[in-house]
Every structure is written in C-alpha cells, then in structure tokens.
file coords-v4.tsv (TSV, C-alpha atoms)
chain	number	residue	atom	x	y	z
A	284	MET	CA	84.96	173.39	84.73
A	285	HIS	CA	82.49	170.72	85.83
A	286	GLU	CA	79.18	172.06	87.16
A	287	LEU	CA	79.95	170.46	90.52
A	288	GLU	CA	83.20	172.41	90.83
A	289	THR	CA	81.27	175.64	90.45
A	290	ILE	CA	78.75	174.45	93.05
A	291	ILE	CA	81.42	173.44	95.57
A	292	HIS	CA	83.28	176.73	95.17
A	293	ALA	CA	79.98	178.58	95.76
A	294	ALA	CA	79.32	176.45	98.86
A	295	ASP	CA	82.78	177.27	100.22
A	296	GLU	CA	82.14	180.98	99.65
A	297	ALA	CA	78.84	180.69	101.54
A	298	ILE	CA	80.65	178.98	104.43
A	299	ASN	CA	83.33	181.67	104.43
A	300	ARG	CA	80.82	184.52	104.68
A	301	GLU	CA	78.81	182.49	107.28
A	302	ASP	CA	75.64	182.59	105.19
A	303	LEU	CA	74.13	179.47	106.73
A	304	ASP	CA	70.87	179.60	104.75
A	305	ALA	CA	72.93	179.56	101.55
A	306	VAL	CA	75.16	176.78	102.93
A	307	LEU	CA	72.20	174.58	103.85
A	308	ALA	CA	70.65	174.99	100.39
A	309	PHE	CA	73.56	172.93	99.00
A	310	TYR	CA	72.55	169.87	101.04
A	311	THR	CA	69.80	167.29	100.66
A	312	ASP	CA	67.26	167.26	103.47
A	313	ASP	CA	68.75	164.10	104.97
A	314	ALA	CA	72.42	164.78	104.23
A	315	THR	CA	75.17	163.78	106.63
A	316	LEU	CA	78.14	165.99	107.51
A	317	VAL	CA	81.13	164.46	109.26
A	318	VAL	CA	81.82	167.16	111.84
A	319	ARG	CA	84.86	165.35	113.17
A	320	PRO	CA	85.83	161.69	113.32
A	321	GLY	CA	83.15	159.93	115.35
A	322	LEU	CA	80.67	162.83	115.20
A	323	ASN	CA	78.20	163.07	112.33
A	324	ALA	CA	75.44	165.65	111.83
A	325	SER	CA	72.43	164.41	109.83
A	326	GLY	CA	69.63	166.58	108.50
A	327	LYS	CA	69.60	170.35	108.04
A	328	ASP	CA	68.92	171.19	111.71
A	329	GLN	CA	71.96	169.28	112.90
A	330	ILE	CA	74.12	170.55	110.04
A	331	ARG	CA	73.16	174.18	110.81
A	332	LYS	CA	74.10	173.68	114.47
A	333	ALA	CA	77.39	172.08	113.46
A	334	PHE	CA	78.38	174.97	111.15
A	335	THR	CA	77.41	177.46	113.87
A	336	ALA	CA	79.60	175.63	116.39
A	337	ILE	CA	82.51	175.37	113.92
A	338	ALA	CA	82.34	179.11	113.14
A	339	GLU	CA	82.35	179.93	116.84
A	340	HIS	CA	85.16	177.48	117.53
A	341	PHE	CA	87.35	179.34	115.03
A	342	ASN	CA	86.12	182.73	116.29
A	343	HIS	CA	84.63	183.49	112.85
A	344	THR	CA	87.96	183.28	111.02
A	345	LEU	CA	87.27	180.08	109.05
A	346	HIS	CA	88.18	180.22	105.37
A	347	VAL	CA	87.73	177.09	103.25
A	348	THR	CA	88.93	176.61	99.67
A	349	GLN	CA	89.49	173.63	97.37
A	350	GLU	CA	92.84	173.46	95.67
A	351	HIS	CA	91.88	170.65	93.33
A	352	LEU	CA	88.69	168.71	92.60
A	353	VAL	CA	88.06	165.38	90.88
A	354	VAL	CA	84.49	164.47	89.87
A	355	ILE	CA	83.42	160.89	89.14
A	356	GLU	CA	79.81	160.64	87.97
A	357	GLY	CA	77.69	157.49	88.00
A	358	GLY	CA	74.29	158.48	86.63
A	359	ASP	CA	72.58	160.96	88.95
A	360	THR	CA	75.20	160.37	91.63
A	361	ALA	CA	78.70	161.78	91.86
A	362	LEU	CA	81.71	161.19	94.03
A	363	VAL	CA	83.78	164.35	94.36
A	364	LEU	CA	87.31	164.31	95.75
A	365	GLY	CA	88.78	167.58	96.90
A	366	LYS	CA	92.05	168.87	98.25
A	367	ALA	CA	90.55	171.14	100.89
A	368	GLU	CA	92.49	173.92	102.54
A	369	ILE	CA	91.08	175.22	105.80
A	370	ARG	CA	92.58	178.43	107.12
A	371	ALA	CA	91.62	179.88	110.47
A	372	LYS	CA	92.99	181.50	113.57
A	373	ASP	CA	93.21	179.32	116.63
A	374	PRO	CA	91.90	180.60	119.99
A	375	ALA	CA	95.33	182.14	120.69
A	376	GLY	CA	95.16	184.09	117.42
A	377	ALA	CA	97.75	182.07	115.50
A	378	GLN	CA	97.04	181.32	111.84
A	379	VAL	CA	96.52	177.63	111.17
A	380	LEU	CA	96.34	175.79	107.86
A	381	ILE	CA	94.67	172.38	107.74
A	382	GLU	CA	94.88	170.38	104.51
A	383	ARG	CA	92.48	167.49	103.96
A	384	GLU	CA	91.75	165.08	101.14
A	385	ALA	CA	87.98	165.37	101.25
A	386	THR	CA	85.20	163.15	99.88
A	387	TYR	CA	81.77	164.46	98.94
A	388	VAL	CA	78.77	162.63	97.51
A	389	PHE	CA	76.28	164.59	95.41
A	390	ILE	CA	72.97	163.44	93.96
A	391	LYS	CA	70.89	165.11	91.29
A	392	ASP	CA	67.35	165.81	92.47
A	393	ALA	CA	64.16	165.62	90.38
A	394	GLY	CA	64.69	169.25	89.34
A	395	GLY	CA	68.16	168.47	87.98
A	396	ASN	CA	69.98	170.22	90.82
A	397	TRP	CA	73.02	168.64	92.44
A	398	ARG	CA	72.77	168.43	96.24
A	399	CYS	CA	75.33	167.15	98.71
A	400	ALA	CA	74.20	163.94	100.46
A	401	VAL	CA	77.44	163.13	102.29
A	402	ASP	CA	80.07	165.71	103.26
A	403	ASN	CA	83.15	164.00	104.64
A	404	SER	CA	86.09	166.38	104.58
A	405	TYR	CA	88.17	163.75	106.43
A	406	GLY	CA	88.14	161.44	103.40
A	407	THR	CA	89.71	158.03	103.86
A	408	SER	CA	91.64	159.20	106.92
A	409	LEU	CA	88.65	157.86	108.88
A	410	LEU	CA	90.02	154.38	108.08
A	411	ARG	CA	93.15	155.20	110.09
A	412	ILE	CA	91.47	156.19	113.36
B	1474	MET	CA	77.60	144.64	110.80
B	1475	HIS	CA	76.07	147.25	108.50
B	1476	GLU	CA	74.04	145.85	105.60
B	1477	LEU	CA	76.49	147.48	103.19
B	1478	GLU	CA	79.43	145.63	104.71
B	1479	THR	CA	77.67	142.33	103.99
B	1480	ILE	CA	76.96	143.49	100.44
B	1481	ILE	CA	80.55	144.57	99.78
B	1482	HIS	CA	81.96	141.32	101.16
B	1483	ALA	CA	79.56	139.40	98.87
B	1484	ALA	CA	80.66	141.54	95.90
B	1485	ASP	CA	84.32	140.80	96.66
B	1486	GLU	CA	83.56	137.08	96.81
B	1487	ALA	CA	81.82	137.31	93.43
B	1488	ILE	CA	84.89	139.08	91.98
B	1489	ASN	CA	87.20	136.45	93.46
B	1490	ARG	CA	85.30	133.55	91.91
B	1491	GLU	CA	84.99	135.53	88.62
B	1492	ASP	CA	81.19	135.34	88.64
B	1493	LEU	CA	80.70	138.44	86.50
B	1494	ASP	CA	76.90	138.22	86.38
B	1495	ALA	CA	76.88	138.30	90.18
B	1496	VAL	CA	79.42	141.14	90.22
B	1497	LEU	CA	77.39	143.26	87.81
B	1498	ALA	CA	74.22	142.80	89.86
B	1499	PHE	CA	75.83	144.91	92.60
B	1500	TYR	CA	76.04	147.96	90.31
B	1501	THR	CA	73.46	150.48	89.12
B	1502	ASP	CA	72.86	150.47	85.35
B	1503	ASP	CA	74.86	153.67	84.91
B	1504	ALA	CA	77.53	153.07	87.53
B	1505	THR	CA	81.13	154.16	87.01
B	1506	LEU	CA	84.15	152.01	87.91
B	1507	VAL	CA	87.56	153.64	88.09
B	1508	VAL	CA	89.61	150.96	86.31
B	1509	ARG	CA	92.85	152.84	86.86
B	1510	PRO	CA	93.66	156.55	87.24
B	1511	GLY	CA	92.46	158.26	84.07
B	1512	LEU	CA	90.39	155.31	82.82
B	1513	ASN	CA	86.76	154.97	83.90
B	1514	ALA	CA	84.24	152.32	82.83
B	1515	SER	CA	80.61	153.48	82.84
B	1516	GLY	CA	77.58	151.22	82.44
B	1517	LYS	CA	77.38	147.46	82.83
B	1518	ASP	CA	78.85	146.62	79.42
B	1519	GLN	CA	82.01	148.63	80.04
B	1520	ILE	CA	82.27	147.38	83.64
B	1521	ARG	CA	81.98	143.74	82.50
B	1522	LYS	CA	84.75	144.28	79.95
B	1523	ALA	CA	86.92	145.95	82.58
B	1524	PHE	CA	86.56	143.08	85.07
B	1525	THR	CA	87.29	140.59	82.29
B	1526	ALA	CA	90.47	142.48	81.37
B	1527	ILE	CA	91.53	142.81	85.02
B	1528	ALA	CA	91.06	139.06	85.62
B	1529	GLU	CA	93.11	138.27	82.54
B	1530	HIS	CA	95.80	140.79	83.48
B	1531	PHE	CA	96.29	138.96	86.79
B	1532	ASN	CA	96.05	135.56	85.06
B	1533	HIS	CA	92.93	134.72	87.13
B	1534	THR	CA	94.70	135.00	90.49
B	1535	LEU	CA	92.98	138.17	91.73
B	1536	HIS	CA	91.73	138.02	95.32
B	1537	VAL	CA	90.13	141.12	96.83
B	1538	THR	CA	89.17	141.61	100.49
B	1539	GLN	CA	88.30	144.58	102.69
B	1540	GLU	CA	90.18	144.83	105.95
B	1541	HIS	CA	88.04	147.61	107.37
B	1542	LEU	CA	84.93	149.46	106.21
B	1543	VAL	CA	83.36	152.76	107.27
B	1544	VAL	CA	79.79	153.57	106.17
B	1545	ILE	CA	78.41	157.13	106.16
B	1546	GLU	CA	74.74	157.27	105.17
B	1547	GLY	CA	72.93	160.39	103.96
B	1548	GLY	CA	69.36	159.30	103.24
B	1549	ASP	CA	69.23	156.79	100.40
B	1550	THR	CA	72.88	157.47	99.58
B	1551	ALA	CA	75.96	156.13	101.31
B	1552	LEU	CA	79.66	156.81	101.12
B	1553	VAL	CA	81.65	153.70	102.01
B	1554	LEU	CA	85.37	153.84	102.78
B	1555	GLY	CA	87.29	150.60	102.65
B	1556	LYS	CA	90.81	149.41	103.31
B	1557	ALA	CA	91.03	147.14	100.30
B	1558	GLU	CA	93.63	144.40	100.00
B	1559	ILE	CA	94.27	143.10	96.50
B	1560	ARG	CA	96.34	139.93	96.24
B	1561	ALA	CA	97.40	138.49	92.93
B	1562	LYS	CA	100.27	136.91	91.10
B	1563	ASP	CA	102.09	139.12	88.63
B	1564	PRO	CA	102.86	137.84	85.11
B	1565	ALA	CA	106.15	136.36	86.43
B	1566	GLY	CA	104.27	134.38	89.09
B	1567	ALA	CA	105.34	136.45	92.10
B	1568	GLN	CA	102.71	137.17	94.76
B	1569	VAL	CA	101.83	140.85	95.01
B	1570	LEU	CA	99.80	142.66	97.68
B	1571	ILE	CA	98.27	146.02	96.84
B	1572	GLU	CA	96.63	148.03	99.62
B	1573	ARG	CA	94.25	150.85	98.76
B	1574	GLU	CA	92.03	153.21	100.70
B	1575	ALA	CA	88.95	152.83	98.55
B	1576	THR	CA	85.83	154.96	98.16
B	1577	TYR	CA	82.47	153.57	97.08
B	1578	VAL	CA	79.12	155.33	96.62
B	1579	PHE	CA	75.95	153.29	97.03
B	1580	ILE	CA	72.37	154.36	96.43
B	1581	LYS	CA	69.20	152.61	97.55
B	1582	ASP	CA	66.91	151.84	94.61
B	1583	ALA	CA	63.10	151.93	94.60
B	1584	GLY	CA	63.04	148.31	95.81
B	1585	GLY	CA	65.17	149.17	98.84
B	1586	ASN	CA	68.31	147.48	97.47
B	1587	TRP	CA	71.70	149.15	97.76
B	1588	ARG	CA	73.56	149.37	94.44
B	1589	CYS	CA	77.01	150.74	93.75
B	1590	ALA	CA	76.94	153.92	91.65
B	1591	VAL	CA	80.64	154.83	91.89
B	1592	ASP	CA	83.44	152.32	92.54
B	1593	ASN	CA	86.73	154.12	93.04
B	1594	SER	CA	89.20	151.81	94.72
B	1595	TYR	CA	91.90	154.48	94.31
B	1596	GLY	CA	90.17	156.79	96.81
B	1597	THR	CA	91.64	160.24	97.25
B	1598	SER	CA	94.96	159.13	95.77
B	1599	LEU	CA	93.49	160.42	92.47
B	1600	LEU	CA	94.13	163.92	93.87
B	1601	ARG	CA	97.85	163.19	93.90
B	1602	ILE	CA	98.24	162.20	90.25

call {"tool": "encode", "arguments": {"input": "coords-v4.tsv", "output": "structure tokens"}}
result
Amino acid sequence: MHELETIIHAADEAINREDLDAVLAFYTDDATLVVRPGLNASGKDQIRKAFTAIAEHFNHTLHVTQEHLVVIEGGDTALVLGKAEIRAKDPAGAQVLIEREATYVFIKDAGGNWRCAVDNSYGTSLLRI
Amino acid sequence: MHELETIIHAADEAINREDLDAVLAFYTDDATLVVRPGLNASGKDQIRKAFTAIAEHFNHTLHVTQEHLVVIEGGDTALVLGKAEIRAKDPAGAQVLIEREATYVFIKDAGGNWRCAVDNSYGTSLLRI
C-alpha cells in the first residue's frame, strides 16, 4: 500500500471520530478544502470551521471511507484520486450514501511528511456545474 | 482569467505546433504525465519521448484545447480541472474528437513560476479501470 493510502485512511478515521486536531494535522497551513461547489475553505481556521459545520449538518453521523485510491507522484507532489463513500443520516434520520470521485493534492514538506494542499472531494464534477 | 488558465492555453498551443522544448518548459523536472491508463512518463526525457510518440501516433494532426478550466489553489500548489478536447485524425484519416475531464497539479517554484508536476488528462476515470 502506498504511504499516501495509509495517510488518507488515517485522515478519514480522524474525521469519523471528529478528532479535528488530528484532521487538521493532515493539511498544509494554507490548504484549501472544497466544502461544496462554489464554497472553499482556505487555511486551518476556515477548514476547522467547515468540518465543525459539516459534522453538525449530519448530526454527528458522518462516516467517510475510500473504496479505491490511485496515487500519481510527480517529485514531492502527488495527485490522489479516490472513490469516496460518505455515509450519514439526514436530518430526518434516514441513512444516505453519497459516492464521489475525489481529487486530493499532497505535497511533501521539508521534514518528508505528506500534507494535503487541496482537498476536492467533488473531483471533476465541478466542471459540470 | 487566472494566470494558470493563460499558462495552460499556452501549453496547449505549444503541443499543437509540436514545439517540444516549449512544452517541456511548462513541467517541473520530475513531473509525471499519464500517457494512457497504466503508463506514466516521469521526468523531462520520458515526457519528451511520450509527446513525440503521441504526435506520431496521430500523424501530426493532434489539436488540444480546454473548453473550461477550474483552478483551486492551496498555497503554492494548485489543482486545475479542465474539460479537454482532443481533435485528431485517426490512421485512416477520419476526424476524431476525444473529450476528457482532466486533472493537472501545478506548483509555484522559487522564482514564482507555475510548473506542472502531474498531468493526468484522464482525470478520475482512472478509478473506473
């Protein structure tokens, strides 16, 4: 398994247990998270607020996993493609499953650690909006 | 227009006139180009050979444009999504049009210039192979 697969699975687990400090440690300081089409969060303060709002929106039932990951490295930069499965209960209590073809960009910092610089779970679907 | 849109349009024009020196200048030294699913070219030597082979495959009729681009910056890193249109004549002389939802990763070098680190015109379709 590629190192980045292990990292992304660990990040998903941190999201699922709502450990925001652990989640934020996976991002660069000036990372951008696509919260929804047209709304980006940049920097750790905005990303923390976004994850807090997302957890509340799903009434703390959010569970994210990646079915399949593809890693394409170019030096200290990597494009990661993921088949993301997002399970949650909607406000009425019904189970929902959202599948997305996600795109993530990671960069290796001076200490050799991969950090996420762009987190776009909407992938190329943003081209169709 | 975002600076990266101008850069990508210029790169497409360089591809279309088969100016490989100009094409290669858009890439980082250790960039990766997805030539086709399962075949990556890494580094400028391999990328030059790949573009030479692609041009020959299409009998020098390749014409690439981007219909629509979305840029998501995270610090000195950017994910670019593009609706790529690839026009060419097949070996029998028939005009073909290939549309792809492409994904590109750019990083800003020490001189402030954006360079492509990952060129994956197949986008998230690699998850479906």

call {"tool": "residues_around", "arguments": {"input": "coords-v4.tsv", "residues": "stretch 1566-1574 of chain B", "least_positions_apart": "2", "cutoff": "9 Å", "atoms": "all atoms listed in the file", "output": "list in words"}}
result
Thr407, Ser408 and Leu410 of chain A; Leu1554, Gly1555, Lys1556, Ala1557, Glu1558, Ile1559, Arg1560, Ala1561, Lys1562, Asp1563, Pro1564, Thr1576, Ser1594, Tyr1595, Gly1596, Thr1597 and Ser1598 of chain B

call {"tool": "atom_distance", "arguments": {"input": "coords-v4.tsv", "atom1": "atom CA of A:Arg398", "atom2": "atom CA of B:Ile1545"}}
result
16.1 Å

call {"tool": "calpha_fit_and_write", "arguments": {"input": "coords-v4.tsv", "fixed": "chain A", "moving": "chain B", "output": "PDB file with C-alpha atoms, in the frame of the given file"}}
result
ATOM      1  CA  MET B1474      84.979 173.386  84.728  1.00  0.00           C
ATOM      2  CA  HIS B1475      82.504 170.722  85.835  1.00  0.00           C
ATOM      3  CA  GLU B1476      79.186 172.050  87.144  1.00  0.00           C
ATOM      4  CA  LEU B1477      79.958 170.462  90.512  1.00  0.00           C
ATOM      5  CA  GLU B1478      83.205 172.393  90.834  1.00  0.00           C
ATOM      6  CA  THR B1479      81.258 175.644  90.452  1.00  0.00           C
ATOM      7  CA  ILE B1480      78.751 174.440  93.044  1.00  0.00           C
ATOM      8  CA  ILE B1481      81.421 173.442  95.567  1.00  0.00           C
ATOM      9  CA  HIS B1482      83.276 176.736  95.161  1.00  0.00           C
ATOM     10  CA  ALA B1483      79.969 178.580  95.753  1.00  0.00           C
ATOM     11  CA  ALA B1484      79.318 176.444  98.855  1.00  0.00           C
ATOM     12  CA  ASP B1485      82.778 177.278 100.215  1.00  0.00           C
ATOM     13  CA  GLU B1486      82.134 180.980  99.649  1.00  0.00           C
ATOM     14  CA  ALA B1487      78.835 180.682 101.529  1.00  0.00           C
ATOM     15  CA  ILE B1488      80.655 178.975 104.434  1.00  0.00           C
ATOM     16  CA  ASN B1489      83.333 181.671 104.440  1.00  0.00           C
ATOM     17  CA  ARG B1490      80.825 184.513 104.679  1.00  0.00           C
ATOM     18  CA  GLU B1491      78.815 182.501 107.278  1.00  0.00           C
ATOM     19  CA  ASP B1492      75.641 182.599 105.182  1.00  0.00           C
ATOM     20  CA  LEU B1493      74.136 179.472 106.727  1.00  0.00           C
ATOM     21  CA  ASP B1494      70.885 179.600 104.748  1.00  0.00           C
ATOM     22  CA  ALA B1495      72.948 179.548 101.556  1.00  0.00           C
ATOM     23  CA  VAL B1496      75.165 176.771 102.930  1.00  0.00           C
ATOM     24  CA  LEU B1497      72.200 174.584 103.853  1.00  0.00           C
ATOM     25  CA  ALA B1498      70.656 174.983 100.400  1.00  0.00           C
ATOM     26  CA  PHE B1499      73.553 172.934  99.000  1.00  0.00           C
ATOM     27  CA  TYR B1500      72.551 169.872 101.053  1.00  0.00           C
ATOM     28  CA  THR B1501      69.803 167.282 100.656  1.00  0.00           C
ATOM     29  CA  ASP B1502      67.239 167.248 103.484  1.00  0.00           C
ATOM     30  CA  ASP B1503      68.750 164.094 104.968  1.00  0.00           C
ATOM     31  CA  ALA B1504      72.403 164.778 104.230  1.00  0.00           C
ATOM     32  CA  THR B1505      75.158 163.771 106.641  1.00  0.00           C
ATOM     33  CA  LEU B1506      78.125 166.000 107.524  1.00  0.00           C
ATOM     34  CA  VAL B1507      81.117 164.454 109.249  1.00  0.00           C
ATOM     35  CA  VAL B1508      81.795 167.169 111.842  1.00  0.00           C
ATOM     36  CA  ARG B1509      84.853 165.372 113.166  1.00  0.00           C
ATOM     37  CA  PRO B1510      85.829 161.686 113.315  1.00  0.00           C
ATOM     38  CA  GLY B1511      83.133 159.923 115.325  1.00  0.00           C
ATOM     39  CA  LEU B1512      80.645 162.813 115.220  1.00  0.00           C
ATOM     40  CA  ASN B1513      78.189 163.073 112.329  1.00  0.00           C
ATOM     41  CA  ALA B1514      75.431 165.654 111.829  1.00  0.00           C
ATOM     42  CA  SER B1515      72.426 164.407 109.843  1.00  0.00           C
ATOM     43  CA  GLY B1516      69.617 166.590 108.506  1.00  0.00           C
ATOM     44  CA  LYS B1517      69.571 170.347 108.045  1.00  0.00           C
ATOM     45  CA  ASP B1518      68.916 171.196 111.698  1.00  0.00           C
ATOM     46  CA  GLN B1519      71.949 169.267 112.920  1.00  0.00           C
ATOM     47  CA  ILE B1520      74.104 170.551 110.040  1.00  0.00           C
ATOM     48  CA  ARG B1521      73.150 174.174 110.811  1.00  0.00           C
ATOM     49  CA  LYS B1522      74.087 173.681 114.465  1.00  0.00           C
ATOM     50  CA  ALA B1523      77.382 172.084 113.460  1.00  0.00           C
ATOM     51  CA  PHE B1524      78.372 174.964 111.159  1.00  0.00           C
ATOM     52  CA  THR B1525      77.402 177.449 113.869  1.00  0.00           C
ATOM     53  CA  ALA B1526      79.607 175.629 116.391  1.00  0.00           C
ATOM     54  CA  ILE B1527      82.498 175.353 113.917  1.00  0.00           C
ATOM     55  CA  ALA B1528      82.341 179.095 113.132  1.00  0.00           C
ATOM     56  CA  GLU B1529      82.353 179.911 116.826  1.00  0.00           C
ATOM     57  CA  HIS B1530      85.180 177.464 117.527  1.00  0.00           C
ATOM     58  CA  PHE B1531      87.355 179.330 115.011  1.00  0.00           C
ATOM     59  CA  ASN B1532      86.126 182.710 116.306  1.00  0.00           C
ATOM     60  CA  HIS B1533      84.626 183.490 112.861  1.00  0.00           C
ATOM     61  CA  THR B1534      87.951 183.279 111.017  1.00  0.00           C
ATOM     62  CA  LEU B1535      87.267 180.078 109.060  1.00  0.00           C
ATOM     63  CA  HIS B1536      88.180 180.225 105.370  1.00  0.00           C
ATOM     64  CA  VAL B1537      87.742 177.099 103.252  1.00  0.00           C
ATOM     65  CA  THR B1538      88.951 176.615  99.666  1.00  0.00           C
ATOM     66  CA  GLN B1539      89.498 173.641  97.368  1.00  0.00           C
ATOM     67  CA  GLU B1540      92.860 173.462  95.668  1.00  0.00           C
ATOM     68  CA  HIS B1541      91.913 170.642  93.328  1.00  0.00           C
ATOM     69  CA  LEU B1542      88.721 168.709  92.611  1.00  0.00           C
ATOM     70  CA  VAL B1543      88.067 165.380  90.888  1.00  0.00           C
ATOM     71  CA  VAL B1544      84.498 164.476  89.862  1.00  0.00           C
ATOM     72  CA  ILE B1545      83.424 160.884  89.140  1.00  0.00           C
ATOM     73  CA  GLU B1546      79.815 160.648  87.963  1.00  0.00           C
ATOM     74  CA  GLY B1547      77.714 157.476  88.008  1.00  0.00           C
ATOM     75  CA  GLY B1548      74.306 158.474  86.652  1.00  0.00           C
ATOM     76  CA  ASP B1549      72.583 160.958  88.941  1.00  0.00           C
ATOM     77  CA  THR B1550      75.207 160.360  91.628  1.00  0.00           C
ATOM     78  CA  ALA B1551      78.698 161.787  91.855  1.00  0.00           C
ATOM     79  CA  LEU B1552      81.707 161.195  94.041  1.00  0.00           C
ATOM     80  CA  VAL B1553      83.783 164.359  94.363  1.00  0.00           C
ATOM     81  CA  LEU B1554      87.321 164.314  95.753  1.00  0.00           C
ATOM     82  CA  GLY B1555      88.778 167.599  96.890  1.00  0.00           C
ATOM     83  CA  LYS B1556      92.056 168.878  98.254  1.00  0.00           C
ATOM     84  CA  ALA B1557      90.539 171.130 100.879  1.00  0.00           C
ATOM     85  CA  GLU B1558      92.484 173.929 102.533  1.00  0.00           C
ATOM     86  CA  ILE B1559      91.075 175.217 105.805  1.00  0.00           C
ATOM     87  CA  ARG B1560      92.588 178.434 107.133  1.00  0.00           C
ATOM     88  CA  ALA B1561      91.630 179.874 110.474  1.00  0.00           C
ATOM     89  CA  LYS B1562      92.993 181.508 113.565  1.00  0.00           C
ATOM     90  CA  ASP B1563      93.220 179.324 116.643  1.00  0.00           C
ATOM     91  CA  PRO B1564      91.908 180.595 120.002  1.00  0.00           C
ATOM     92  CA  ALA B1565      95.348 182.164 120.686  1.00  0.00           C
ATOM     93  CA  GLY B1566      95.180 184.119 117.418  1.00  0.00           C
ATOM     94  CA  ALA B1567      97.772 182.098 115.497  1.00  0.00           C
ATOM     95  CA  GLN B1568      97.043 181.335 111.836  1.00  0.00           C
ATOM     96  CA  VAL B1569      96.532 177.637 111.171  1.00  0.00           C
ATOM     97  CA  LEU B1570      96.337 175.799 107.838  1.00  0.00           C
ATOM     98  CA  ILE B1571      94.679 172.397 107.727  1.00  0.00           C
ATOM     99  CA  GLU B1572      94.876 170.370 104.516  1.00  0.00           C
ATOM    100  CA  ARG B1573      92.482 167.487 103.954  1.00  0.00           C
ATOM    101  CA  GLU B1574      91.743 165.089 101.132  1.00  0.00           C
ATOM    102  CA  ALA B1575      87.980 165.378 101.246  1.00  0.00           C
ATOM    103  CA  THR B1576      85.207 163.170  99.881  1.00  0.00           C
ATOM    104  CA  TYR B1577      81.771 164.471  98.938  1.00  0.00           C
ATOM    105  CA  VAL B1578      78.759 162.627  97.504  1.00  0.00           C
ATOM    106  CA  PHE B1579      76.280 164.593  95.413  1.00  0.00           C
ATOM    107  CA  ILE B1580      72.982 163.433  93.966  1.00  0.00           C
ATOM    108  CA  LYS B1581      70.898 165.114  91.283  1.00  0.00           C
ATOM    109  CA  ASP B1582      67.355 165.806  92.487  1.00  0.00           C
ATOM    110  CA  ALA B1583      64.163 165.624  90.413  1.00  0.00           C
ATOM    111  CA  GLY B1584      64.687 169.251  89.343  1.00  0.00           C
ATOM    112  CA  GLY B1585      68.147 168.466  87.976  1.00  0.00           C
ATOM    113  CA  ASN B1586      69.985 170.221  90.829  1.00  0.00           C
ATOM    114  CA  TRP B1587      73.021 168.635  92.451  1.00  0.00           C
ATOM    115  CA  ARG B1588      72.768 168.434  96.249  1.00  0.00           C
ATOM    116  CA  CYS B1589      75.312 167.143  98.722  1.00  0.00           C
ATOM    117  CA  ALA B1590      74.182 163.946 100.464  1.00  0.00           C
ATOM    118  CA  VAL B1591      77.432 163.127 102.292  1.00  0.00           C
ATOM    119  CA  ASP B1592      80.070 165.709 103.261  1.00  0.00           C
ATOM    120  CA  ASN B1593      83.141 163.993 104.654  1.00  0.00           C
ATOM    121  CA  SER B1594      86.070 166.374 104.582  1.00  0.00           C
ATOM    122  CA  TYR B1595      88.171 163.767 106.420  1.00  0.00           C
ATOM    123  CA  GLY B1596      88.146 161.435 103.396  1.00  0.00           C
ATOM    124  CA  THR B1597      89.701 158.025 103.855  1.00  0.00           C
ATOM    125  CA  SER B1598      91.644 159.203 106.902  1.00  0.00           C
ATOM    126  CA  LEU B1599      88.641 157.853 108.870  1.00  0.00           C
ATOM    127  CA  LEU B1600      90.027 154.380 108.071  1.00  0.00           C
ATOM    128  CA  ARG B1601      93.139 155.200 110.075  1.00  0.00           C
ATOM    129  CA  ILE B1602      91.446 156.171 113.338  1.00  0.00           C
TER     130      ILE B1602
END

call {"tool": "residues_around", "arguments": {"input": "coords-v4.tsv", "residues": "A:Lys391", "least_positions_apart": "6", "cutoff": "8 Å", "atoms": "only C-alpha atoms", "output": "VMD selection string"}}
result
chain A and resid 359 to 360 397 to 398

call {"tool": "write_last_selection", "arguments": {"input": "coords-v4.tsv", "atoms": "C-alpha atoms", "output": "PDB file, in the frame of the given file"}}
result
ATOM      1  CA  ASP A 359      72.580 160.960  88.950  1.00  0.00           C
ATOM      2  CA  THR A 360      75.200 160.370  91.630  1.00  0.00           C
ATOM      3  CA  TRP A 397      73.020 168.640  92.440  1.00  0.00           C
ATOM      4  CA  ARG A 398      72.770 168.430  96.240  1.00  0.00           C
TER       5      ARG A 398
END

call {"tool": "interface_residues", "arguments": {"input": "coords-v4.tsv", "of": "chain A", "to": "chain B", "cutoff": "6 Å", "atoms": "only C-alpha atoms", "output": "JSON, numbers by chain"}}
result
{"A": [313, 314, 315, 357, 358, 400, 401]}

call {"tool": "residues_near_point", "arguments": {"input": "coords-v4.tsv", "point": "(82.4, 170.3, 92.7)", "cutoff": "8 Å", "atoms": "all atoms listed in the file", "output": "PyMOL selection string"}}
result
chain A and resi 285-292+352-354+363

call {"tool": "axis_aligned_box", "arguments": {"input": "coords-v4.tsv", "around": "stretch 384-401 of chain A", "padding_each_side": "3 Å", "output": "AutoDock Vina command-line options"}}
result
--center_x 78.0 --center_y 166.4 --center_z 95.1 --size_x 33.6 --size_y 13.6 --size_z 20.3

call {"tool": "atom_distance", "arguments": {"input": "coords-v4.tsv", "atom1": "atom CA of B:Leu1497", "atom2": "atom CA of A:Gly394"}}
result
29.0 Å

call {"tool": "atom_distance", "arguments": {"input": "coords-v4.tsv", "atom1": "atom CA of B:Leu1493", "atom2": "atom CA of B:Arg1509"}}
result
18.8 Å

call {"tool": "build_atoms", "arguments": {"input": "coords-v4.tsv", "residues": "stretch 398-407 of chain A", "atoms": "N, CA and C atoms", "output": "compact mmCIF listing (two decimals), in the frame of the given file"}}
result
# COMPACT_ATOMS: atom_id res chain seq x y z
N ARG A 398 72.78 168.13 94.80
CA ARG A 398 72.77 168.43 96.24
C ARG A 398 73.75 167.48 96.93
N CYS A 399 74.37 167.98 97.97
CA CYS A 399 75.33 167.15 98.71
C CYS A 399 74.59 166.23 99.69
N ALA A 400 74.84 164.93 99.57
CA ALA A 400 74.20 163.94 100.46
C ALA A 400 75.14 163.49 101.56
N VAL A 401 76.45 163.48 101.27
CA VAL A 401 77.44 163.13 102.29
C VAL A 401 78.62 164.08 102.14
N ASP A 402 78.97 164.74 103.22
CA ASP A 402 80.07 165.71 103.26
C ASP A 402 81.09 165.21 104.28
N ASN A 403 82.13 164.58 103.75
CA ASN A 403 83.15 164.00 104.64
C ASN A 403 84.51 164.58 104.28
N SER A 404 84.83 165.71 104.91
CA SER A 404 86.09 166.38 104.58
C SER A 404 87.30 165.58 105.07
N TYR A 405 87.06 164.57 105.90
CA TYR A 405 88.17 163.75 106.43
C TYR A 405 88.59 162.65 105.45
N GLY A 406 87.78 162.44 104.41
CA GLY A 406 88.14 161.44 103.40
C GLY A 406 88.43 160.08 104.00
N THR A 407 89.40 159.39 103.40
CA THR A 407 89.71 158.03 103.86
C THR A 407 90.56 158.02 105.13
